[in-house]
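Asker: query.cif is reproduced below (mmCIF, C-alpha atoms and all ligand atoms).
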```cif
data_final
loop_
_atom_site.label_atom_id
_atom_site.label_comp_id
_atom_site.auth_asym_id
_atom_site.auth_seq_id
_atom_site.Cartn_x
_atom_site.Cartn_y
_atom_site.Cartn_z
CA MET A 1 -57.56 10.01 112.51
CA ILE A 2 -57.43 12.50 115.39
CA PRO A 3 -53.70 11.95 116.17
CA LYS A 4 -52.89 12.23 112.45
CA LEU A 5 -54.80 15.51 112.10
CA TYR A 6 -53.33 16.81 115.36
CA ARG A 7 -49.78 16.07 114.19
CA ALA A 8 -50.42 17.91 110.92
CA LEU A 9 -51.95 20.95 112.68
CA TYR A 10 -49.33 21.12 115.41
CA ARG A 11 -46.50 20.73 112.90
CA ILE A 12 -47.69 23.61 110.70
CA ARG A 13 -48.35 25.84 113.72
CA ARG A 14 -44.91 25.19 115.17
CA VAL A 15 -43.10 25.56 111.83
CA GLU A 16 -44.67 28.97 111.33
CA GLU A 17 -44.07 30.04 114.94
CA GLU A 18 -40.42 29.13 114.41
CA ILE A 19 -40.33 31.11 111.15
CA ALA A 20 -41.78 34.07 113.06
CA ARG A 21 -39.25 33.66 115.87
CA VAL A 22 -36.15 33.63 113.65
CA TYR A 23 -37.45 36.17 111.12
CA PRO A 24 -36.02 39.26 112.88
CA THR A 25 -32.51 37.78 112.60
CA ASP A 26 -32.70 38.17 108.79
CA VAL A 27 -31.63 34.62 107.95
CA ILE A 28 -34.91 34.20 106.06
CA ARG A 29 -34.49 35.87 102.66
CA SER A 30 -38.14 36.12 101.73
CA PRO A 31 -41.36 37.81 102.73
CA VAL A 32 -43.55 35.35 104.66
CA HIS A 33 -47.35 35.16 104.74
CA LEU A 34 -48.24 33.01 107.73
CA SER A 35 -51.28 30.74 107.99
CA ILE A 36 -51.36 30.70 111.80
CA GLY A 37 -55.04 30.33 112.75
CA GLN A 38 -56.05 29.04 109.30
CA GLU A 39 -54.29 25.65 109.43
CA ALA A 40 -57.46 23.55 109.76
CA VAL A 41 -58.50 24.31 106.18
CA ALA A 42 -55.36 22.91 104.53
CA VAL A 43 -55.11 20.02 107.00
CA GLY A 44 -58.77 18.97 106.74
CA VAL A 45 -58.81 19.14 102.94
CA CYS A 46 -55.41 17.60 102.22
CA ALA A 47 -56.08 14.64 104.55
CA ALA A 48 -58.90 13.74 102.14
CA LEU A 49 -56.51 13.49 99.16
CA GLU A 50 -54.38 10.70 97.72
CA PRO A 51 -50.66 11.19 97.00
CA GLY A 52 -51.37 11.33 93.24
CA ASP A 53 -53.79 14.25 93.60
CA ALA A 54 -52.42 17.77 93.23
CA VAL A 55 -52.77 21.02 95.12
CA PHE A 56 -52.29 24.56 93.84
CA GLY A 57 -51.87 27.65 96.00
CA GLY A 58 -50.71 31.21 96.26
CA HIS A 59 -48.63 33.45 98.47
CA ARG A 60 -49.93 31.95 101.76
CA SER A 61 -49.16 28.28 101.10
CA HIS A 62 -46.92 26.93 103.88
CA ALA A 63 -49.89 25.07 105.39
CA MET A 64 -51.03 23.58 102.09
CA TYR A 65 -47.48 22.52 101.15
CA LEU A 66 -46.88 20.77 104.46
CA ALA A 67 -50.37 19.26 104.73
CA LYS A 68 -50.02 17.66 101.26
CA GLY A 69 -46.70 16.10 102.23
CA GLY A 70 -44.23 18.67 100.88
CA ASP A 71 -40.69 18.20 102.18
CA LEU A 72 -40.13 20.36 105.28
CA ASN A 73 -36.35 20.60 104.88
CA ALA A 74 -36.73 21.84 101.29
CA MET A 75 -39.31 24.44 102.34
CA ILE A 76 -37.22 25.88 105.16
CA ALA A 77 -34.14 25.94 102.92
CA GLU A 78 -36.18 27.77 100.28
CA LEU A 79 -37.13 30.45 102.80
CA HIS A 80 -33.42 30.83 103.58
CA GLY A 81 -32.66 31.26 99.85
CA LYS A 82 -30.43 28.18 99.87
CA ALA A 83 -29.53 25.91 96.93
CA THR A 84 -31.21 22.96 98.69
CA GLY A 85 -34.55 24.80 98.70
CA CYS A 86 -37.53 23.38 96.84
CA ALA A 87 -37.15 26.09 94.17
CA GLY A 88 -33.35 26.04 94.33
CA GLY A 89 -33.36 29.06 96.63
CA ARG A 90 -34.69 31.32 93.89
CA GLY A 91 -38.34 31.59 94.84
CA GLY A 92 -38.74 32.00 98.59
CA SER A 93 -41.87 31.44 100.63
CA MET A 94 -44.32 32.31 97.86
CA HIS A 95 -42.85 29.88 95.31
CA LEU A 96 -43.08 26.44 96.85
CA LEU A 97 -43.26 23.13 95.02
CA ASP A 98 -42.83 19.44 95.63
CA LEU A 99 -43.89 17.59 92.51
CA ALA A 100 -43.39 14.15 94.09
CA ALA A 101 -45.86 15.08 96.83
CA GLY A 102 -48.36 16.63 94.43
CA VAL A 103 -47.62 20.23 95.38
CA LEU A 104 -47.54 22.12 92.09
CA PRO A 105 -45.64 25.43 92.01
CA THR A 106 -47.30 28.23 93.96
CA SER A 107 -47.26 31.81 92.75
CA ALA A 108 -47.13 35.25 94.33
CA ILE A 109 -49.50 36.67 91.74
CA VAL A 110 -52.97 36.44 93.26
CA GLY A 111 -55.34 34.05 91.46
CA THR A 112 -52.87 32.80 88.86
CA THR A 113 -52.73 29.18 89.99
CA ILE A 114 -56.52 28.69 89.86
CA PRO A 115 -56.43 28.08 86.08
CA HIS A 116 -53.35 25.88 86.57
CA ALA A 117 -55.46 23.64 88.82
CA VAL A 118 -58.24 23.57 86.25
CA GLY A 119 -55.85 22.72 83.41
CA TRP A 120 -54.16 19.97 85.40
CA ALA A 121 -57.49 18.48 86.47
CA TYR A 122 -58.85 18.67 82.92
CA ALA A 123 -55.82 16.66 81.74
CA GLN A 124 -56.61 14.03 84.39
CA ARG A 125 -60.20 13.80 83.14
CA LEU A 126 -59.08 13.39 79.53
CA ARG A 127 -56.57 10.70 80.52
CA GLY A 128 -59.02 8.98 82.86
CA THR A 129 -56.58 8.84 85.78
CA GLY A 130 -59.19 9.43 88.50
CA ARG A 131 -56.93 12.04 90.10
CA VAL A 132 -58.32 15.34 91.35
CA ALA A 133 -56.90 18.83 91.87
CA VAL A 134 -57.54 21.28 94.66
CA ALA A 135 -57.15 25.02 94.09
CA PHE A 136 -56.57 26.93 97.34
CA PHE A 137 -56.99 30.71 97.18
CA GLY A 138 -58.25 33.61 99.27
CA ASP A 139 -61.27 35.90 99.14
CA GLY A 140 -59.05 38.46 97.39
CA ALA A 141 -58.46 36.07 94.49
CA ALA A 142 -62.22 36.11 93.85
CA ASP A 143 -61.76 39.76 92.78
CA GLU A 144 -59.63 38.65 89.83
CA GLY A 145 -60.98 38.08 86.33
CA VAL A 146 -59.04 34.84 85.99
CA PHE A 147 -61.02 33.38 88.89
CA HIS A 148 -64.22 33.68 86.86
CA GLU A 149 -62.61 32.49 83.64
CA ALA A 150 -61.31 29.38 85.38
CA LEU A 151 -64.68 28.62 87.04
CA SER A 152 -66.51 29.02 83.77
CA PHE A 153 -64.18 26.69 81.84
CA ALA A 154 -64.16 24.12 84.67
CA ALA A 155 -67.97 24.06 84.76
CA VAL A 156 -68.33 23.66 81.00
CA LYS A 157 -65.76 20.85 80.84
CA ARG A 158 -66.90 19.14 84.09
CA VAL A 159 -63.37 19.24 85.44
CA PRO A 160 -62.53 17.25 88.63
CA VAL A 161 -61.29 20.23 90.61
CA LEU A 162 -62.23 21.33 94.13
CA PHE A 163 -62.06 25.09 94.56
CA VAL A 164 -61.27 25.95 98.19
CA CYS A 165 -61.74 29.63 98.98
CA GLU A 166 -60.04 30.43 102.30
CA ASN A 167 -62.09 33.48 103.16
CA ASN A 168 -60.26 35.27 105.97
CA GLY A 169 -62.21 38.47 105.31
CA TYR A 170 -59.29 40.54 104.09
CA ALA A 171 -57.07 41.12 101.09
CA GLU A 172 -54.02 42.72 102.70
CA GLN A 173 -55.75 45.35 104.88
CA SER A 174 -58.90 45.75 102.84
CA ARG A 175 -62.16 44.23 104.04
CA GLN A 176 -64.15 41.91 101.84
CA GLY A 177 -67.23 44.14 102.23
CA ASP A 178 -65.33 47.12 100.77
CA ARG A 179 -64.41 45.16 97.65
CA GLN A 180 -67.27 42.79 96.90
CA PRO A 181 -71.08 42.89 96.90
CA GLY A 182 -72.46 40.70 99.70
CA ASN A 183 -70.23 38.44 101.73
CA SER A 184 -70.97 35.08 100.12
CA ILE A 185 -68.57 34.26 97.34
CA PHE A 186 -70.23 30.85 96.97
CA GLU A 187 -73.60 32.49 96.24
CA ARG A 188 -72.08 34.13 93.16
CA VAL A 189 -70.22 30.95 92.17
CA GLN A 190 -73.52 29.05 91.98
CA SER A 191 -74.43 31.07 88.90
CA TYR A 192 -71.89 28.92 87.04
CA GLY A 193 -73.86 25.79 87.96
CA ILE A 194 -71.13 24.73 90.39
CA GLY A 195 -72.21 23.00 93.60
CA GLY A 196 -70.65 23.05 97.06
CA GLY A 197 -71.19 25.25 100.09
CA ARG A 198 -70.09 27.97 102.49
CA GLU A 199 -69.08 27.25 106.10
CA LYS A 200 -67.92 29.34 109.01
CA THR A 201 -66.15 26.77 111.14
CA GLY A 202 -62.62 26.03 112.15
CA ASP A 203 -63.58 22.47 113.08
CA VAL A 204 -60.93 20.35 111.39
CA LEU A 205 -62.90 17.10 111.80
CA PHE A 206 -65.92 18.62 110.09
CA LEU A 207 -63.75 20.08 107.35
CA HIS A 208 -62.11 16.71 106.81
CA ARG A 209 -65.43 14.85 106.55
CA THR A 210 -66.77 17.48 104.15
CA ALA A 211 -63.67 17.37 101.97
CA LYS A 212 -63.77 13.57 101.86
CA SER A 213 -67.30 13.50 100.50
CA LEU A 214 -66.58 16.28 97.99
CA VAL A 215 -63.47 14.51 96.72
CA ALA A 216 -65.44 11.27 96.35
CA MET A 217 -67.99 13.19 94.27
CA LEU A 218 -65.22 14.58 92.07
CA ARG A 219 -63.83 11.10 91.47
CA ALA A 220 -67.34 9.93 90.56
CA GLY A 221 -67.52 12.61 87.86
CA PHE A 222 -69.53 15.31 89.65
CA GLY A 223 -66.97 18.09 89.29
CA PRO A 224 -66.19 20.86 89.64
CA LEU A 225 -67.12 21.72 93.24
CA PHE A 226 -66.52 24.78 95.40
CA ILE A 227 -66.27 25.35 99.14
CA GLU A 228 -65.94 28.75 100.73
CA LEU A 229 -64.43 28.31 104.19
CA VAL A 230 -64.62 31.34 106.43
CA THR A 231 -61.48 31.50 108.52
CA TYR A 232 -59.24 34.04 110.25
CA ARG A 233 -55.55 34.87 110.12
CA TRP A 234 -54.04 35.66 113.47
CA ARG A 235 -50.88 37.41 112.26
CA GLY A 236 -50.52 40.37 109.93
CA HIS A 237 -50.94 40.04 106.17
CA VAL A 238 -47.19 39.66 105.73
CA GLY A 239 -44.35 39.21 108.20
CA PRO A 240 -44.10 37.57 111.58
CA GLY A 241 -46.01 40.01 113.76
CA GLU A 242 -49.55 40.81 114.78
CA ASP A 243 -51.10 43.92 113.28
CA PHE A 244 -54.12 44.67 115.47
CA ASP A 245 -52.66 48.16 116.04
CA LEU A 246 -52.94 49.17 112.36
CA GLY A 247 -56.57 50.18 112.74
CA TYR A 248 -58.17 48.06 110.04
CA ARG A 249 -59.31 45.25 112.37
CA SER A 250 -59.76 44.61 116.06
CA ARG A 251 -58.48 41.98 118.45
CA GLU A 252 -62.11 41.43 119.48
CA GLU A 253 -62.81 40.18 115.97
CA ALA A 254 -60.16 37.48 116.41
CA ARG A 255 -61.41 36.29 119.82
CA TRP A 256 -63.89 33.63 118.65
CA TRP A 257 -61.28 32.07 116.39
CA MET A 258 -58.61 32.04 119.07
CA GLU A 259 -61.03 30.46 121.55
CA ASN A 260 -61.75 27.78 118.95
CA ASP A 261 -58.11 27.10 118.20
CA GLN A 262 -58.02 23.68 116.55
CA VAL A 263 -54.50 22.88 117.71
CA ALA A 264 -55.65 23.20 121.33
CA LYS A 265 -59.01 21.52 120.70
CA LEU A 266 -57.50 18.40 119.16
CA ALA A 267 -54.75 18.27 121.78
CA GLU A 268 -57.48 17.79 124.42
CA GLN A 269 -58.72 14.71 122.58
CA ILE A 270 -55.41 12.84 122.66
CA ARG A 271 -53.85 11.00 125.62
CA SER A 272 -51.04 13.09 127.06
CA ALA A 273 -48.35 10.41 126.49
CA GLU A 274 -49.21 10.16 122.80
CA ARG A 275 -49.44 13.94 122.49
CA GLY A 276 -46.02 14.27 124.08
CA VAL A 277 -44.45 11.89 121.57
CA ILE A 278 -46.01 13.73 118.63
CA GLN A 279 -44.83 17.09 119.94
CA GLN A 280 -41.32 15.85 120.60
CA GLU A 281 -40.97 14.28 117.15
CA VAL A 282 -42.25 17.42 115.46
CA GLU A 283 -39.92 19.69 117.46
CA LEU A 284 -36.89 17.57 116.50
CA GLU A 285 -37.93 17.59 112.85
CA ILE A 286 -38.28 21.39 112.84
CA ALA A 287 -34.99 22.00 114.64
CA GLU A 288 -33.25 19.75 112.10
CA ALA A 289 -34.85 21.58 109.15
CA PHE A 290 -33.60 24.95 110.40
CA ARG A 291 -30.15 23.50 111.17
CA LEU A 292 -29.85 22.04 107.66
CA ALA A 293 -31.06 25.26 106.03
CA ASP A 294 -28.54 27.26 107.99
CA ALA A 295 -25.68 24.97 106.98
CA ALA A 296 -26.65 24.72 103.28
CA PRO A 297 -24.90 26.82 100.60
CA PHE A 298 -26.47 29.66 98.64
CA PRO A 299 -26.90 28.94 94.90
CA GLU A 300 -23.74 29.42 92.83
CA PRO A 301 -23.96 32.69 90.85
CA GLY A 302 -22.97 30.72 87.72
CA THR A 303 -26.20 28.67 87.98
CA LEU A 304 -28.44 31.74 87.73
CA LEU A 305 -29.89 30.81 84.33
CA ASP A 306 -30.03 27.04 84.85
CA HIS A 307 -33.76 26.79 85.40
CA ALA A 308 -34.58 29.32 82.68
CA GLU A 309 -33.04 26.89 80.18
CA LYS A 310 -34.77 23.90 81.76
CA VAL A 311 -38.22 25.47 81.45
CA GLY A 312 -37.71 25.43 77.68
CA GLU A 313 -36.82 21.74 77.87
CA GLY A 314 -40.06 20.92 79.67
CA ALA A 315 -38.36 19.96 82.94
CA TRP A 316 -41.25 21.35 84.98
CA THR A 317 -43.91 19.20 83.37
CA ALA A 318 -45.72 17.24 86.06
CA SER A 319 -46.95 13.78 85.18
C1 LIG B 401 -52.59 40.09 90.73
C2 LIG B 401 -52.13 40.63 92.06
N1 LIG B 401 -52.69 41.75 92.56
C3 LIG B 401 -52.28 42.23 93.75
C4 LIG B 401 -51.30 41.60 94.47
C5 LIG B 401 -50.87 42.12 95.83
N2 LIG B 401 -51.40 41.22 96.86
C6 LIG B 401 -50.63 40.29 97.44
S1 LIG B 401 -51.46 39.36 98.55
C7 LIG B 401 -52.87 40.24 98.29
C8 LIG B 401 -54.12 39.93 99.06
C9 LIG B 401 -54.75 38.66 98.63
O1 LIG B 401 -55.86 38.42 99.47
P1 LIG B 401 -56.49 36.99 99.53
O2 LIG B 401 -56.58 36.40 98.18
O3 LIG B 401 -57.75 37.12 100.31
O4 LIG B 401 -55.42 36.13 100.33
P2 LIG B 401 -54.91 36.30 101.86
O5 LIG B 401 -53.71 37.17 101.81
O6 LIG B 401 -56.02 36.88 102.64
O7 LIG B 401 -54.58 34.91 102.28
C10 LIG B 401 -52.69 41.22 97.33
C11 LIG B 401 -53.74 42.16 96.88
C12 LIG B 401 -50.70 40.44 93.90
N3 LIG B 401 -49.75 39.76 94.55
N4 LIG B 401 -51.16 39.96 92.73
MG MG B 402 -58.09 37.00 102.31
#
```
Translate the structure of the given file into structure tokens.

Answerer:
Amino acid sequence: MIPKLYRALYRIRRVEEEIARVYPTDVIRSPVHLSIGQEAVAVGVCAALEPGDAVFGGHRSHAMYLAKGGDLNAMIAELHGKATGCAGGRGGSMHLLDLAAGVLPTSAIVGTTIPHAVGWAYAQRLRGTGRVAVAFFGDGAADEGVFHEALSFAAVKRVPVLFVCENNGYAEQSRQGDRQPGNSIFERVQSYGIGGGREKTGDVLFLHRTAKSLVAMLRAGFGPLFIELVTYRWRGHVGPGEDFDLGYRSREEARWWMENDQVAKLAEQIRSAERGVIQQEVELEIAEAFRLADAAPFPEPGTLLDHAEKVGEGAWTAS
């Protein structure tokens, strides 16, 4: 399991570092919200899922998309606005999807995919498929009315959905404490009769074990469940750079998280020869994804309305 988790963590870290490196050249036609530092949440949780399960996310979803098995080439092409992108080059970084891998379309509008996850999971319950959904969202999404509406409905209908709140302490540059009473979102969620927990740990092995037992509970009919995972983003809210000079947070605050970097921690637990092979394979895969994205065409202007028509025909319906 450790090599598998390491590969997933290293791959996401390196993909996003590469996005950050090429971003100033303007080949990426999309704002990017990087997950660097937060990867362990998506990796730990998604490793507990089956291919037929589905994940739902928001603007910061590169890690979730890749951890669930989303196609790397299609994601990088999407960021480049190319026709081969996972949303046909029309959506960019905040609108990722890979239906075959169980990545349902993400949205830039904070909180909006939480009810999508609930609806999808409710359909699974009614059909008796045994599949579960995971809704990934941030602490900022808990400020939205739709968050509470979705929790309430999920609790009443005993929906097999795992709510994963990636609490990095900020919504853009505003602190959680300036927007919400108390710091425990899970404490408030319990008033809906929803079980789960709150953890401040980057430990990917712990997160994976926890997610596995929660997912097993969902499949056994004990849904919905909620985990609030305190985490920390190392880069700015949006864009490739750091933003410790903006005055809303300090580098000192990031220190504990950087010292507990899961990519480095897991690397120490793998023999160097095996680690080298993983790193080399991942680097080749990333270089190829950027090469393909660069070479791919932009969408034809004449196809602008293609997907608008297809929505009406139900082409986006996931099985
Ligand atoms: C409904 C809505 N309100 C405001 C915004 C602007 N906005 C984009 S990201 C963001 C912060 C979201 O914070 P959080 O949910 O904690 O996610 P994080 O960026 O920390 O991962 C905001 C307010 C938006 N996209 N949608
Ligand atoms: Mg946040």

Asker: Restricting the calculation to all atoms listed in the file, which member of A:Arg127, A:His116, A:Arg29, A:Arg179 is positioned closest to ligand LIG 401 (chain B)?

Answerer: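 The answer is A:Arg179, which sits nearest to ligand LIG 401 (chain B).
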
Asker: Report as a ChimeraX atom specification all protein, DNA and RNA residues lying within 8 Å of Glu16 in chain A, evaluated on all atoms listed in the file, omitting residues in the same chain fewer than 5 positions from it.

Answerer: /A:34-36

Asker: Taking only C-alpha atoms and all ligand atoms into account, report as a PDB file with C-alpha atoms, in the frame of the given file which residues have an atom no farther than 12 Å from an atom of ligand MG 402 (chain B).

Answerer:
```pdb
ATOM      1  CA  HIS A  33     -47.350  35.160 104.740  1.00  0.00           C
ATOM      2  CA  LEU A  34     -48.240  33.010 107.730  1.00  0.00           C
ATOM      3  CA  SER A  35     -51.280  30.740 107.990  1.00  0.00           C
ATOM      4  CA  GLN A  38     -56.050  29.040 109.300  1.00  0.00           C
ATOM      5  CA  GLY A  58     -50.710  31.210  96.260  1.00  0.00           C
ATOM      6  CA  HIS A  59     -48.630  33.450  98.470  1.00  0.00           C
ATOM      7  CA  ARG A  60     -49.930  31.950 101.760  1.00  0.00           C
ATOM      8  CA  VAL A 110     -52.970  36.440  93.260  1.00  0.00           C
ATOM      9  CA  GLY A 111     -55.340  34.050  91.460  1.00  0.00           C
ATOM     10  CA  PHE A 136     -56.570  26.930  97.340  1.00  0.00           C
ATOM     11  CA  PHE A 137     -56.990  30.710  97.180  1.00  0.00           C
ATOM     12  CA  GLY A 138     -58.250  33.610  99.270  1.00  0.00           C
ATOM     13  CA  ASP A 139     -61.270  35.900  99.140  1.00  0.00           C
ATOM     14  CA  GLY A 140     -59.050  38.460  97.390  1.00  0.00           C
ATOM     15  CA  ALA A 141     -58.460  36.070  94.490  1.00  0.00           C
ATOM     16  CA  ALA A 142     -62.220  36.110  93.850  1.00  0.00           C
ATOM     17  CA  ASP A 143     -61.760  39.760  92.780  1.00  0.00           C
ATOM     18  CA  CYS A 165     -61.740  29.630  98.980  1.00  0.00           C
ATOM     19  CA  GLU A 166     -60.040  30.430 102.300  1.00  0.00           C
ATOM     20  CA  ASN A 167     -62.090  33.480 103.160  1.00  0.00           C
ATOM     21  CA  ASN A 168     -60.260  35.270 105.970  1.00  0.00           C
ATOM     22  CA  GLY A 169     -62.210  38.470 105.310  1.00  0.00           C
ATOM     23  CA  TYR A 170     -59.290  40.540 104.090  1.00  0.00           C
ATOM     24  CA  ALA A 171     -57.070  41.120 101.090  1.00  0.00           C
ATOM     25  CA  GLU A 172     -54.020  42.720 102.700  1.00  0.00           C
ATOM     26  CA  GLN A 173     -55.750  45.350 104.880  1.00  0.00           C
ATOM     27  CA  SER A 174     -58.900  45.750 102.840  1.00  0.00           C
ATOM     28  CA  ARG A 175     -62.160  44.230 104.040  1.00  0.00           C
ATOM     29  CA  GLN A 176     -64.150  41.910 101.840  1.00  0.00           C
ATOM     30  CA  GLY A 177     -67.230  44.140 102.230  1.00  0.00           C
ATOM     31  CA  ARG A 179     -64.410  45.160  97.650  1.00  0.00           C
ATOM     32  CA  ILE A 185     -68.570  34.260  97.340  1.00  0.00           C
ATOM     33  CA  GLU A 228     -65.940  28.750 100.730  1.00  0.00           C
ATOM     34  CA  LEU A 229     -64.430  28.310 104.190  1.00  0.00           C
ATOM     35  CA  VAL A 230     -64.620  31.340 106.430  1.00  0.00           C
ATOM     36  CA  THR A 231     -61.480  31.500 108.520  1.00  0.00           C
ATOM     37  CA  TYR A 232     -59.240  34.040 110.250  1.00  0.00           C
ATOM     38  CA  ARG A 233     -55.550  34.870 110.120  1.00  0.00           C
ATOM     39  CA  TRP A 234     -54.040  35.660 113.470  1.00  0.00           C
ATOM     40  CA  GLY A 236     -50.520  40.370 109.930  1.00  0.00           C
ATOM     41  CA  HIS A 237     -50.940  40.040 106.170  1.00  0.00           C
ATOM     42  CA  VAL A 238     -47.190  39.660 105.730  1.00  0.00           C
TER      43      VAL A 238
END
```

Asker: Quick one: 6 Å padding each side, axis-aligned, all listed atoms of range 295-308 of chain A - centre and edge lengths in Å to one decimal, as JSON?

Answerer:
```
{"center_x": -28.8, "center_y": 28.7, "center_z": 94.8, "size_x": 23.6, "size_y": 20.0, "size_z": 36.3}
```

Asker: Tell me which protein, DNA and RNA residues are within 12 Å of Ala216 in chain A, counting all atoms listed in the file, leaving out same-chain ones fewer than 6 positions away, and put them as number ranges by chain.

Answerer: A: 48-50, 130-132, 160-162, 209-210, 222-225

Asker: From the list A:Pro301, A:Gly196, A:Gly81, A:Gly37, which residue is nearest ligand LIG 401 (chain B) when using all atoms listed in the file?

Answerer: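 Once distances to ligand LIG 401 (chain B) are computed over all atoms listed in the file, the minimum belongs to A:Gly37.
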
Asker: Which residue gives the smallest distance to ligand LIG 401 (chain B) among A:Glu39, A:Glu253, A:Asp306, A:Glu285, with all atoms listed in the file counted?

Answerer: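 Going through A:Glu39, A:Glu253, A:Asp306, A:Glu285 one by one, the smallest distance to ligand LIG 401 (chain B) is for A:Glu39.
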
Asker: As an exercise, work out the distance from CA of Gly102 in chain A to CA of Ala87 in chain A in Å and give it to one decimal place.

Answerer: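 Distance reported for this atom pair: 14.7 Å.
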
Asker: Which neighbours of Leu207 in chain A fall inside 10 Å, counting only C-alpha atoms, when residues of the same chain fewer than 3 positions from it are skipped, and could you give them as a PyMOL selection string?

Answerer: chain A and resi 40-45+47-48+199+201-204+210-212+229

Asker: Using Å and a single decimal, report how far CA of Pro240 in chain A sits from CA of Glu17 in chain A.

Answerer: 8.2 Å

Asker: In terms of the shortest atom-to-atom distance over all atoms listed in the file, which of A:Val156, A:Val282, A:Leu79, A:Ala108 is closest to ligand LIG 401 (chain B)?

Answerer: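 The answer is A:Ala108, which sits nearest to ligand LIG 401 (chain B).
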
Asker: CA of Ala135 in chain A and CA of Ile114 in chain A are how many Å apart?

Answerer: 5.6 Å

Asker: Out of A:Arg271, A:Glu144, A:Gly221, A:Arg235, which residue has the shortest atom-to-atom distance to Arg13 in chain A when counting only C-alpha atoms?

Answerer: A:Arg235
